[in-house]
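Enquirer: What follows is entry-v8.cif; its format and atoms are mmCIF, C-alpha atoms.
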```cif
data_query
loop_
_atom_site.label_atom_id
_atom_site.label_comp_id
_atom_site.auth_asym_id
_atom_site.auth_seq_id
_atom_site.Cartn_x
_atom_site.Cartn_y
_atom_site.Cartn_z
CA MET U 1311 -164.10 256.13 146.86
CA ALA U 1312 -166.94 254.28 145.22
CA LYS U 1313 -167.74 255.28 141.66
CA ASN U 1314 -171.23 256.37 140.68
CA LEU U 1315 -170.60 256.61 136.94
CA ILE U 1316 -168.28 254.79 134.54
CA ASN U 1317 -167.05 256.79 131.57
CA VAL U 1318 -166.01 255.29 128.26
CA GLY U 1319 -163.78 256.87 125.63
CA LEU U 1320 -164.06 255.44 122.13
CA VAL U 1321 -161.33 255.86 119.50
CA GLY U 1322 -162.48 255.12 115.96
CA LEU U 1323 -165.91 255.87 114.50
CA GLY U 1324 -165.72 253.56 111.53
CA THR U 1325 -168.17 250.74 110.93
CA VAL U 1326 -167.68 248.99 114.28
CA GLY U 1327 -167.23 252.14 116.37
CA SER U 1328 -170.45 253.60 115.01
CA GLY U 1329 -172.13 250.28 115.81
CA VAL U 1330 -171.00 250.51 119.44
CA VAL U 1331 -172.55 253.97 119.75
CA LYS U 1332 -175.78 252.63 118.26
CA VAL U 1333 -175.87 249.77 120.77
CA PHE U 1334 -175.52 252.25 123.65
CA GLN U 1335 -178.28 254.39 122.17
CA THR U 1336 -180.61 251.43 121.68
CA ASN U 1337 -179.94 249.23 124.70
CA LEU U 1338 -178.50 251.49 127.43
CA ASP U 1339 -181.08 250.33 130.00
CA ARG U 1340 -180.15 246.70 129.35
CA ILE U 1341 -176.43 247.51 129.49
CA GLU U 1342 -176.72 249.34 132.83
CA GLU U 1343 -178.85 246.53 134.19
CA ARG U 1344 -176.04 244.06 133.39
CA VAL U 1345 -173.34 246.42 134.64
CA GLY U 1346 -175.11 247.11 137.91
CA GLY U 1347 -174.61 250.88 137.68
CA LYS U 1348 -174.46 253.92 135.47
CA ILE U 1349 -172.26 253.97 132.38
CA LYS U 1350 -171.91 256.31 129.44
CA ILE U 1351 -169.74 257.07 126.45
CA LYS U 1352 -168.17 260.41 127.37
CA ARG U 1353 -165.90 261.16 124.44
CA LEU U 1354 -165.48 260.04 120.83
CA VAL U 1355 -162.31 260.38 118.75
CA ASP U 1356 -161.91 260.07 115.01
CA LYS U 1357 -159.85 261.88 112.40
CA PHE U 1358 -163.00 262.42 110.33
CA GLU U 1359 -165.50 264.75 112.02
CA ASP U 1360 -168.13 263.87 109.40
CA ARG U 1361 -168.44 260.41 110.98
CA PHE U 1362 -169.41 262.03 114.27
CA LYS U 1363 -171.92 264.32 112.59
CA GLU U 1364 -173.53 261.40 110.77
CA LEU U 1365 -174.34 259.78 114.13
CA ASN U 1366 -176.53 262.79 114.98
CA ILE U 1367 -175.97 262.57 118.73
CA GLU U 1368 -175.95 265.26 121.39
CA ASN U 1369 -174.16 265.64 124.74
CA LEU U 1370 -171.09 263.75 123.53
CA LYS U 1371 -167.66 265.31 123.24
CA PHE U 1372 -165.80 264.84 119.97
CA SER U 1373 -162.12 265.22 119.20
CA SER U 1374 -159.67 264.33 116.45
CA ASP U 1375 -156.86 263.75 118.97
CA TYR U 1376 -156.79 260.48 120.91
CA ASN U 1377 -154.71 262.14 123.63
CA ASP U 1378 -157.89 263.94 124.72
CA ILE U 1379 -159.16 260.55 125.86
CA LEU U 1380 -155.85 259.34 127.28
CA ASN U 1381 -155.43 262.52 129.34
CA ASP U 1382 -159.00 262.69 130.61
CA PRO U 1383 -158.88 261.51 134.26
CA GLU U 1384 -162.61 260.78 134.28
CA ILE U 1385 -162.44 258.14 131.52
CA ASP U 1386 -162.23 254.63 132.95
CA ILE U 1387 -162.39 252.46 129.79
CA VAL U 1388 -160.70 253.16 126.46
CA VAL U 1389 -162.14 251.36 123.42
CA GLU U 1390 -159.67 251.15 120.51
CA LEU U 1391 -161.33 250.52 117.16
CA ILE U 1392 -159.07 252.13 114.56
CA GLY U 1393 -157.30 248.96 113.42
CA GLY U 1394 -153.79 248.72 112.01
CA ILE U 1395 -150.62 248.73 114.08
CA GLU U 1396 -149.96 252.38 114.87
CA PRO U 1397 -151.22 254.42 116.57
CA ALA U 1398 -153.48 251.59 117.85
CA ARG U 1399 -150.66 249.91 119.77
CA THR U 1400 -149.60 253.22 121.34
CA ILE U 1401 -153.18 254.04 122.33
CA CYS U 1402 -153.69 250.68 124.07
CA LEU U 1403 -150.34 250.71 125.87
CA SER U 1404 -150.58 254.37 126.92
CA ALA U 1405 -154.13 253.94 128.20
CA MET U 1406 -153.13 250.98 130.37
CA LYS U 1407 -150.06 252.76 131.74
CA LYS U 1408 -152.37 255.62 132.76
CA GLY U 1409 -154.53 253.15 134.69
CA LYS U 1410 -157.34 252.93 132.15
CA HIS U 1411 -158.90 249.62 131.15
CA VAL U 1412 -158.90 248.71 127.47
CA VAL U 1413 -161.23 247.02 125.00
CA THR U 1414 -159.87 246.27 121.53
CA ALA U 1415 -160.86 244.31 118.45
CA ASN U 1416 -157.38 244.69 116.96
CA LYS U 1417 -156.12 241.20 116.09
CA ALA U 1418 -153.03 242.61 114.36
CA ILE U 1419 -151.53 244.24 117.46
CA LEU U 1420 -152.65 241.37 119.70
CA ALA U 1421 -151.01 238.76 117.47
CA ARG U 1422 -147.79 240.77 117.03
CA TYR U 1423 -147.44 242.26 120.52
CA TRP U 1424 -149.21 239.76 122.76
CA ASP U 1425 -146.43 239.72 125.38
CA GLU U 1426 -146.06 243.47 125.56
CA ILE U 1427 -149.79 244.12 125.77
CA MET U 1428 -150.57 241.44 128.35
CA GLN U 1429 -147.54 242.28 130.47
CA THR U 1430 -148.47 245.97 130.45
CA ALA U 1431 -152.01 245.08 131.60
CA GLN U 1432 -150.61 243.02 134.47
CA ASN U 1433 -148.05 245.62 135.50
CA SER U 1434 -150.63 248.41 135.33
CA LYS U 1435 -153.24 246.34 137.17
CA VAL U 1436 -155.90 246.98 134.56
CA ASP U 1437 -158.20 244.85 132.43
CA ILE U 1438 -157.86 244.29 128.71
CA TYR U 1439 -160.70 242.54 126.89
CA LEU U 1440 -160.54 241.38 123.28
CA GLU U 1441 -163.61 239.35 122.39
CA ALA U 1442 -164.21 241.00 119.02
CA SER U 1443 -160.67 240.25 117.81
CA VAL U 1444 -161.69 236.72 116.78
CA GLY U 1445 -165.02 235.63 115.34
CA GLY U 1446 -166.87 238.95 115.37
CA GLY U 1447 -169.93 238.47 117.56
CA ILE U 1448 -169.08 234.89 118.56
CA PRO U 1449 -168.13 234.68 122.30
CA VAL U 1450 -165.21 232.34 121.63
CA ILE U 1451 -162.55 234.13 123.70
CA GLN U 1452 -164.57 233.94 126.90
CA GLY U 1453 -165.75 230.46 125.99
CA LEU U 1454 -162.23 229.21 125.43
CA HIS U 1455 -160.73 230.90 128.47
CA ASP U 1456 -163.53 230.52 131.01
CA GLY U 1457 -166.09 228.02 129.74
CA LEU U 1458 -163.42 225.43 128.92
CA ALA U 1459 -161.07 226.32 131.79
CA SER U 1460 -161.01 222.76 133.15
CA ASN U 1461 -159.85 221.31 129.84
CA ASN U 1462 -156.51 220.76 128.24
CA ILE U 1463 -157.25 221.97 124.72
CA GLN U 1464 -156.23 219.31 122.25
CA ALA U 1465 -157.20 220.96 118.99
CA ILE U 1466 -158.76 224.05 117.41
CA TYR U 1467 -160.14 224.12 113.87
CA GLY U 1468 -161.37 227.56 112.88
CA ILE U 1469 -163.13 229.17 109.95
CA VAL U 1470 -162.23 232.64 111.15
CA ASN U 1471 -162.21 234.81 108.04
CA GLY U 1472 -165.59 235.68 106.57
CA THR U 1473 -164.17 237.05 103.32
CA THR U 1474 -162.42 233.84 102.32
CA ASN U 1475 -165.32 231.72 103.48
CA TYR U 1476 -167.69 233.76 101.31
CA ILE U 1477 -165.39 233.35 98.30
CA LEU U 1478 -165.03 229.61 98.85
CA THR U 1479 -168.80 229.27 99.20
CA ARG U 1480 -169.33 230.95 95.84
CA MET U 1481 -166.65 228.77 94.25
CA ALA U 1482 -168.37 225.66 95.59
CA GLU U 1483 -171.41 226.85 93.63
CA GLY U 1484 -169.38 226.89 90.41
CA LYS U 1485 -168.00 230.42 90.17
CA ASP U 1486 -164.30 230.95 89.58
CA PHE U 1487 -161.98 232.66 92.07
CA LYS U 1488 -161.81 236.07 90.38
CA GLU U 1489 -165.57 236.26 89.95
CA SER U 1490 -166.15 235.25 93.57
CA LEU U 1491 -163.61 237.77 94.84
CA LYS U 1492 -165.20 240.56 92.79
CA GLU U 1493 -168.61 239.66 94.21
CA ALA U 1494 -167.21 239.76 97.77
CA GLN U 1495 -165.71 243.20 97.08
CA LYS U 1496 -168.96 244.48 95.62
CA LYS U 1497 -170.88 243.40 98.74
CA GLY U 1498 -168.30 245.00 101.03
CA TYR U 1499 -166.95 241.72 102.40
CA ALA U 1500 -163.52 242.21 100.81
CA GLU U 1501 -161.27 245.23 100.49
CA ALA U 1502 -159.91 246.44 97.16
CA ASP U 1503 -156.60 244.94 98.31
CA SER U 1504 -157.83 241.67 99.74
CA SER U 1505 -154.44 239.97 100.15
CA PHE U 1506 -154.66 240.17 103.95
CA ASP U 1507 -157.68 237.86 103.77
CA ILE U 1508 -157.08 235.60 100.78
CA ASP U 1509 -153.43 234.95 101.67
CA GLY U 1510 -154.48 233.67 105.11
CA ILE U 1511 -152.75 236.43 107.08
CA ASP U 1512 -155.89 237.56 108.92
CA SER U 1513 -156.63 233.96 109.90
CA ALA U 1514 -153.05 233.55 111.16
CA HIS U 1515 -153.44 236.61 113.41
CA LYS U 1516 -156.59 235.15 114.90
CA LEU U 1517 -155.02 231.72 115.32
CA ALA U 1518 -152.11 233.29 117.22
CA ILE U 1519 -154.62 234.74 119.70
CA LEU U 1520 -156.66 231.55 120.07
CA ALA U 1521 -153.61 229.30 120.41
CA SER U 1522 -151.95 231.63 122.95
CA ILE U 1523 -155.06 231.40 125.13
CA ALA U 1524 -155.62 227.67 124.57
CA PHE U 1525 -152.03 226.65 125.29
CA ASN U 1526 -151.31 229.18 128.09
CA THR U 1527 -148.32 230.60 126.26
CA THR U 1528 -147.34 233.03 123.54
CA VAL U 1529 -147.62 231.72 120.00
CA ASP U 1530 -145.50 233.85 117.70
CA LEU U 1531 -147.04 234.85 114.40
CA LYS U 1532 -143.84 233.92 112.56
CA ASP U 1533 -144.21 230.30 113.67
CA ILE U 1534 -147.63 229.85 112.05
CA TYR U 1535 -147.42 228.22 108.63
CA THR U 1536 -149.72 230.29 106.40
CA GLU U 1537 -151.11 229.53 102.95
CA GLY U 1538 -153.97 231.21 101.08
CA ILE U 1539 -156.72 230.22 98.66
CA ALA U 1540 -155.75 231.92 95.38
CA ASN U 1541 -154.56 228.74 93.63
CA ILE U 1542 -157.80 226.81 94.12
CA THR U 1543 -160.28 226.57 91.25
CA HIS U 1544 -164.01 225.90 91.25
CA HIS U 1545 -163.19 222.58 89.58
CA ASP U 1546 -161.41 221.46 92.75
CA PHE U 1547 -164.64 221.82 94.70
CA LYS U 1548 -166.41 219.63 92.15
CA TYR U 1549 -163.69 216.95 92.24
CA ALA U 1550 -163.45 217.02 96.03
CA LYS U 1551 -167.20 216.63 96.52
CA GLU U 1552 -168.09 214.20 93.76
CA GLU U 1553 -165.06 211.93 93.97
CA PHE U 1554 -164.08 212.07 97.62
CA GLY U 1555 -167.08 213.37 99.58
CA GLN U 1556 -165.11 216.36 100.85
CA VAL U 1557 -165.43 220.15 100.94
CA ILE U 1558 -162.69 222.77 100.93
CA LYS U 1559 -162.36 225.32 103.73
CA LEU U 1560 -159.60 227.69 104.80
CA LEU U 1561 -158.88 226.41 108.30
CA ALA U 1562 -156.85 227.86 111.13
CA ILE U 1563 -155.54 224.77 112.92
CA ALA U 1564 -153.86 224.42 116.31
CA LYS U 1565 -153.06 221.06 117.87
CA ALA U 1566 -151.29 219.93 121.03
CA GLU U 1567 -150.04 216.40 121.55
CA ASN U 1568 -147.23 215.04 123.76
CA GLY U 1569 -145.61 218.44 124.18
CA LYS U 1570 -145.62 219.15 120.44
CA PHE U 1571 -147.76 221.81 118.79
CA GLU U 1572 -149.07 222.40 115.29
CA VAL U 1573 -150.12 225.93 114.29
CA ARG U 1574 -151.02 226.36 110.64
CA VAL U 1575 -153.45 228.09 108.26
CA HIS U 1576 -154.21 226.61 104.85
CA PRO U 1577 -156.99 225.29 102.59
CA THR U 1578 -158.16 221.94 103.92
CA LEU U 1579 -160.40 219.11 102.80
CA ILE U 1580 -162.91 218.03 105.43
CA PRO U 1581 -165.78 215.51 105.22
CA SER U 1582 -168.99 216.87 103.71
CA ASP U 1583 -170.98 215.74 106.76
CA HIS U 1584 -168.79 217.54 109.31
CA LEU U 1585 -170.30 220.52 111.16
CA LEU U 1586 -167.69 222.88 109.75
CA ALA U 1587 -168.57 221.86 106.20
CA ALA U 1588 -171.97 223.55 106.57
CA VAL U 1589 -170.46 226.91 107.60
CA ASP U 1590 -170.96 229.09 104.53
CA ASP U 1591 -170.88 232.70 103.37
CA VAL U 1592 -169.44 235.21 105.89
CA TYR U 1593 -170.19 233.03 108.89
CA ASN U 1594 -167.39 231.87 111.17
CA ALA U 1595 -167.05 228.78 113.32
CA ILE U 1596 -164.44 227.60 115.77
CA TYR U 1597 -164.43 223.88 116.55
CA VAL U 1598 -162.58 223.17 119.79
CA VAL U 1599 -161.65 219.77 121.22
CA GLY U 1600 -161.01 219.55 124.97
CA ASP U 1601 -159.72 216.48 126.79
CA ILE U 1602 -162.74 216.48 129.13
CA VAL U 1603 -165.62 218.09 127.25
CA GLY U 1604 -164.77 216.64 123.83
CA PRO U 1605 -165.74 218.67 120.74
CA VAL U 1606 -167.51 222.03 121.08
CA MET U 1607 -168.33 224.41 118.24
CA PHE U 1608 -168.81 228.18 118.40
CA TYR U 1609 -170.76 229.51 115.41
CA GLY U 1610 -172.08 232.87 114.29
CA GLN U 1611 -171.52 236.01 112.30
CA GLY U 1612 -167.80 236.59 112.07
CA ALA U 1613 -168.04 240.08 110.64
CA GLY U 1614 -170.41 242.99 110.30
CA GLN U 1615 -171.12 246.15 112.21
CA MET U 1616 -173.55 244.94 114.85
CA ALA U 1617 -172.00 241.50 115.37
CA ALA U 1618 -168.65 243.08 116.25
CA ALA U 1619 -170.34 245.85 118.25
CA SER U 1620 -172.13 243.18 120.30
CA ALA U 1621 -168.78 241.71 121.34
CA ILE U 1622 -167.26 245.12 122.07
CA VAL U 1623 -170.12 246.16 124.32
CA SER U 1624 -170.00 242.77 126.04
CA ASP U 1625 -166.38 243.49 126.95
CA ILE U 1626 -167.28 246.95 128.19
CA VAL U 1627 -169.94 245.37 130.42
CA TYR U 1628 -167.42 242.87 131.84
CA ILE U 1629 -164.96 245.61 132.74
CA ALA U 1630 -167.61 247.99 134.11
CA ARG U 1631 -168.96 245.22 136.30
CA ASN U 1632 -165.45 244.54 137.57
CA ILE U 1633 -164.95 248.23 138.35
CA TYR U 1634 -168.17 248.43 140.35
CA SER U 1635 -167.26 245.20 142.17
CA GLY U 1636 -163.78 246.47 143.02
CA VAL U 1637 -161.97 243.64 141.22
CA ALA U 1638 -160.96 245.33 137.96
CA GLY U 1639 -157.38 244.49 137.05
CA LYS U 1640 -157.10 241.79 139.71
CA VAL U 1641 -158.25 238.82 137.60
CA PRO U 1642 -156.89 238.76 134.00
CA SER U 1643 -159.42 238.50 131.19
CA VAL U 1644 -157.20 235.83 129.64
CA TYR U 1645 -154.60 233.64 131.30
CA TYR U 1646 -151.09 234.84 130.58
CA GLU U 1647 -147.60 233.56 131.34
CA THR U 1648 -144.38 235.17 130.17
CA LYS U 1649 -143.25 232.21 128.11
CA HIS U 1650 -143.13 231.63 124.40
CA LEU U 1651 -143.99 228.45 122.61
CA SER U 1652 -140.50 227.24 121.77
CA ALA U 1653 -139.67 226.63 118.12
CA LYS U 1654 -138.40 223.18 119.07
CA ASN U 1655 -141.90 222.31 120.29
CA ILE U 1656 -143.59 223.45 117.08
CA VAL U 1657 -144.04 220.80 114.41
CA ASN U 1658 -142.59 222.03 111.14
CA ILE U 1659 -145.07 221.80 108.27
CA GLU U 1660 -142.71 219.41 106.49
CA ASP U 1661 -142.97 217.01 109.43
CA ILE U 1662 -146.74 216.66 109.55
CA LYS U 1663 -148.44 213.57 108.22
CA SER U 1664 -151.59 213.86 106.16
CA ARG U 1665 -153.54 212.56 103.25
CA TYR U 1666 -153.27 214.84 100.23
CA TYR U 1667 -155.49 215.95 97.40
CA LEU U 1668 -153.28 216.52 94.35
CA ARG U 1669 -154.27 218.13 91.07
CA PHE U 1670 -151.72 217.64 88.31
CA THR U 1671 -152.03 219.55 85.04
CA VAL U 1672 -150.29 217.44 82.40
CA LEU U 1673 -150.20 216.64 78.71
CA ASP U 1674 -152.72 214.00 77.72
CA GLN U 1675 -150.41 211.36 76.33
CA PRO U 1676 -149.55 207.72 77.03
CA GLY U 1677 -147.29 207.01 80.01
CA VAL U 1678 -148.09 210.14 82.00
CA PHE U 1679 -149.84 208.36 84.84
CA ALA U 1680 -147.10 205.73 85.05
CA THR U 1681 -144.45 208.45 85.25
CA ILE U 1682 -146.24 210.34 88.03
CA SER U 1683 -147.08 207.25 90.06
CA GLY U 1684 -143.51 206.03 89.67
CA ILE U 1685 -142.10 209.21 91.18
CA LEU U 1686 -144.64 209.15 94.01
CA GLY U 1687 -143.77 205.52 94.70
CA LYS U 1688 -140.07 206.37 94.83
CA TYR U 1689 -140.80 208.55 97.84
CA ASN U 1690 -143.10 206.01 99.54
CA ILE U 1691 -146.29 207.86 98.62
CA SER U 1692 -149.20 205.51 98.06
CA ILE U 1693 -152.14 206.46 95.86
CA ALA U 1694 -155.61 205.85 97.31
CA SER U 1695 -157.63 206.88 94.25
CA VAL U 1696 -157.31 208.60 90.88
CA TYR U 1697 -159.71 210.68 88.81
CA GLN U 1698 -159.16 211.96 85.27
CA THR U 1699 -161.52 213.95 83.09
CA GLU U 1700 -162.49 212.78 79.62
CA ARG U 1701 -159.46 212.60 77.38
CA LYS U 1702 -158.72 215.27 74.77
CA SER U 1703 -155.65 214.00 73.00
CA GLY U 1704 -152.80 216.49 72.75
CA ASN U 1705 -154.27 218.93 75.26
CA LYS U 1706 -153.35 219.48 78.88
CA VAL U 1707 -155.71 217.76 81.30
CA PRO U 1708 -156.16 217.61 85.07
CA VAL U 1709 -155.34 214.37 86.86
CA ILE U 1710 -156.67 214.20 90.41
CA MET U 1711 -155.15 211.92 93.02
CA MET U 1712 -155.86 211.26 96.67
CA THR U 1713 -152.92 209.82 98.59
CA TYR U 1714 -152.81 207.73 101.69
CA GLU U 1715 -151.25 209.36 104.74
CA THR U 1716 -147.69 210.39 104.10
CA LEU U 1717 -145.00 212.74 105.35
CA GLU U 1718 -145.24 216.23 103.88
CA LYS U 1719 -141.49 216.43 103.38
CA ASP U 1720 -141.66 213.43 101.03
CA ILE U 1721 -144.57 214.73 99.04
CA ARG U 1722 -142.90 218.11 98.57
CA ILE U 1723 -139.79 216.48 97.16
CA ALA U 1724 -141.87 214.28 94.86
CA LEU U 1725 -143.97 217.20 93.58
CA ALA U 1726 -140.87 219.29 92.90
CA GLU U 1727 -139.60 216.47 90.69
CA ILE U 1728 -142.97 216.02 88.96
CA ASP U 1729 -143.41 219.75 88.36
CA ASN U 1730 -140.03 219.80 86.63
CA LEU U 1731 -141.13 217.28 84.01
CA SER U 1732 -141.84 218.40 80.44
CA ILE U 1733 -145.27 216.74 80.62
CA THR U 1734 -146.30 218.95 83.56
CA LYS U 1735 -147.83 222.23 82.42
CA GLU U 1736 -148.75 223.92 85.71
CA LYS U 1737 -147.55 223.71 89.27
CA THR U 1738 -149.32 220.88 91.07
CA LEU U 1739 -152.01 221.94 93.52
CA LEU U 1740 -151.76 220.32 96.96
CA ILE U 1741 -154.54 220.46 99.53
CA ARG U 1742 -154.17 218.74 102.88
CA VAL U 1743 -156.92 216.40 104.12
CA GLU U 1744 -157.52 216.87 107.82
CA LYS U 1745 -157.55 213.49 109.53
CA GLY U 1746 -158.25 214.45 113.13
CA ILE U 1747 -161.42 216.41 112.62
#
```
Can you give me the file's structure in the form of structure tokens?

Expert:
Amino acid sequence: MAKNLINVGLVGLGTVGSGVVKVFQTNLDRIEERVGGKIKIKRLVDKFEDRFKELNIENLKFSSDYNDILNDPEIDIVVELIGGIEPARTICLSAMKKGKHVVTANKAILARYWDEIMQTAQNSKVDIYLEASVGGGIPVIQGLHDGLASNNIQAIYGIVNGTTNYILTRMAEGKDFKESLKEAQKKGYAEADSSFDIDGIDSAHKLAILASIAFNTTVDLKDIYTEGIANITHHDFKYAKEEFGQVIKLLAIAKAENGKFEVRVHPTLIPSDHLLAAVDDVYNAIYVVGDIVGPVMFYGQGAGQMAAASAIVSDIVYIARNIYSGVAGKVPSVYYETKHLSAKNIVNIEDIKSRYYLRFTVLDQPGVFATISGILGKYNISIASVYQTERKSGNKVPVIMMTYETLEKDIRIALAEIDNLSITKEKTLLIRVEKGI
């Protein structure tokens, strides 16, 4: 029987959920025009009724129990926007098992339970769309899966966390890390506990999703090397720019070459004239290299109420259109195979080759440079250039070095030896220089 109305149930009336309601209120005619039929939000669920009252809307059912949506036979699409692992995972899985299509922005459950979620969608013959899980309002999921479908994806370089990018932007202007973090928190870009962002965990979740789509497999979160930004100082931005013509960004990197894959998140030096170098503040960008198309960059607001709501409603439109066309659940929103990227195919971080930016903090005394360079030379690490600030005898001073390309395993061994010296006063900072970008 043909449907004459598509009903949506929305779980979570926080920032993004409220934004979705606003988009429906503002642009319903446009949405229905794109859908090709009638559509409405039938029921809203949130544990805080005040959020519903603040929206000041009529003719919408409200509940504090998500089961009221799951058990409503008239609801066709369930939108999960509560975040976290549980009950978000249960809501998505239960909805699909009941034959309801799902839209989610939840990168945590997607990264951790990719197999289970995608397999459940296939078995239940329903759609699951996830555009807002990476890049906020940037249509990178559809672009990667559909727009670049004819390509073997060779590399992805992503600035996918607006909080860290905002902090790094402020540090590039001369502010220290703590000051920049406090500013991000004050503006609402960072939580009180911002470790999820600054430790690179959020970026790793998003990279797991992007790499799983790009490489037609499941990339396990545990296999992604992850490193945050807390050890970088605003001085490093100055040294990187003035001495080496580079900027520092937290990059999510995925590469495929000869059956081997790199999946890693860490601070990275990139050339000042590269497109990604100009991506500042809370903006995101995902730079993708395909074997046919070459480099393509997706850029836009990676966070914020209406940017994320734009992506959510876009997914709702896709599914609603599929329902009206009679093809919902027949063509997956993302390609999925029940295979995992084998650990033997993943390049261990110690086995990558890179150039390295090194900041040593040492006593300013004769023989220090000779000692450091001697240890580096012992492990076949060649120095490309050196920078040292004006001498202040007897004090600790930074010594900046840029190496030629070398094996990470060797440089780790060398730095462990250097950091154990009595002349070394702080752990050496290492930042990788991305060569393939």

Enquirer: Report, in Å with one decimal, the straight-line distance from atom CA of U:Asp1729 to atom CA of U:Glu1537.

Expert: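 Taking atom CA of U:Asp1729 and atom CA of U:Glu1537, their separation equals 19.2 Å.
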
Enquirer: Taking every listed atom of stretch 1605-1619 of chain U and adding 8 Å to each side, what centre and edge lengths in Å (one decimal) does the axis-aligned box have, as JSON?

Expert:
```
{"center_x": -169.6, "center_y": 232.4, "center_z": 115.7, "size_x": 23.8, "size_y": 43.5, "size_z": 26.8}
```

Enquirer: Identify which of the residues U:His1455, U:Lys1719, U:Arg1669, U:Lys1706 lies closest to U:Ala1550, counting only C-alpha atoms when measuring atom-to-atom distances.

Expert: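 That would be U:Arg1669, the residue with the smallest distance to U:Ala1550.
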
Enquirer: Would you pick out the contacts of U:Asp1512 at 8 Å or less, using all atoms listed in the file, so that residues sharing its chain but fewer than 4 positions from it are not included, and give the list as a list in words?

Expert: Ala1418, Asn1471, Phe1506, Asp1507 and Lys1516 of chain U

Enquirer: Using all atoms listed in the file, which of the listed residues (U:Thr1536, U:Asn1461, U:Asn1526, U:Ser1620) sits closest to U:Ile1448?

Expert: U:Ser1620

Enquirer: Take the point (-172.2, 252.9, 117.2) as written in the file and pick out every residue within 12 Å of it, counting only C-alpha atoms; give the list as a PyMOL selection string.

Expert: chain U and resi 1320-1337+1351+1354+1361-1362+1364-1367+1389+1391+1615-1620+1622-1623

Enquirer: Fewer than 4 positions away in the same chain doesn't count, so skip those; otherwise give me all residues within 10 Å of U:Ala1518, counting only C-alpha atoms, as a list in words.

Expert: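 Using only C-alpha atoms, the neighbours found are Lys1417, Ala1418, Leu1420, Ala1421, Arg1422, Trp1424, Ser1513, Ala1514, Ser1522, Ile1523, Ala1524, Thr1528, Val1529, Asp1530, Leu1531, Lys1532, Asp1533, Ile1534, Ala1562, Ala1564, Val1573 and Arg1574 of chain U.
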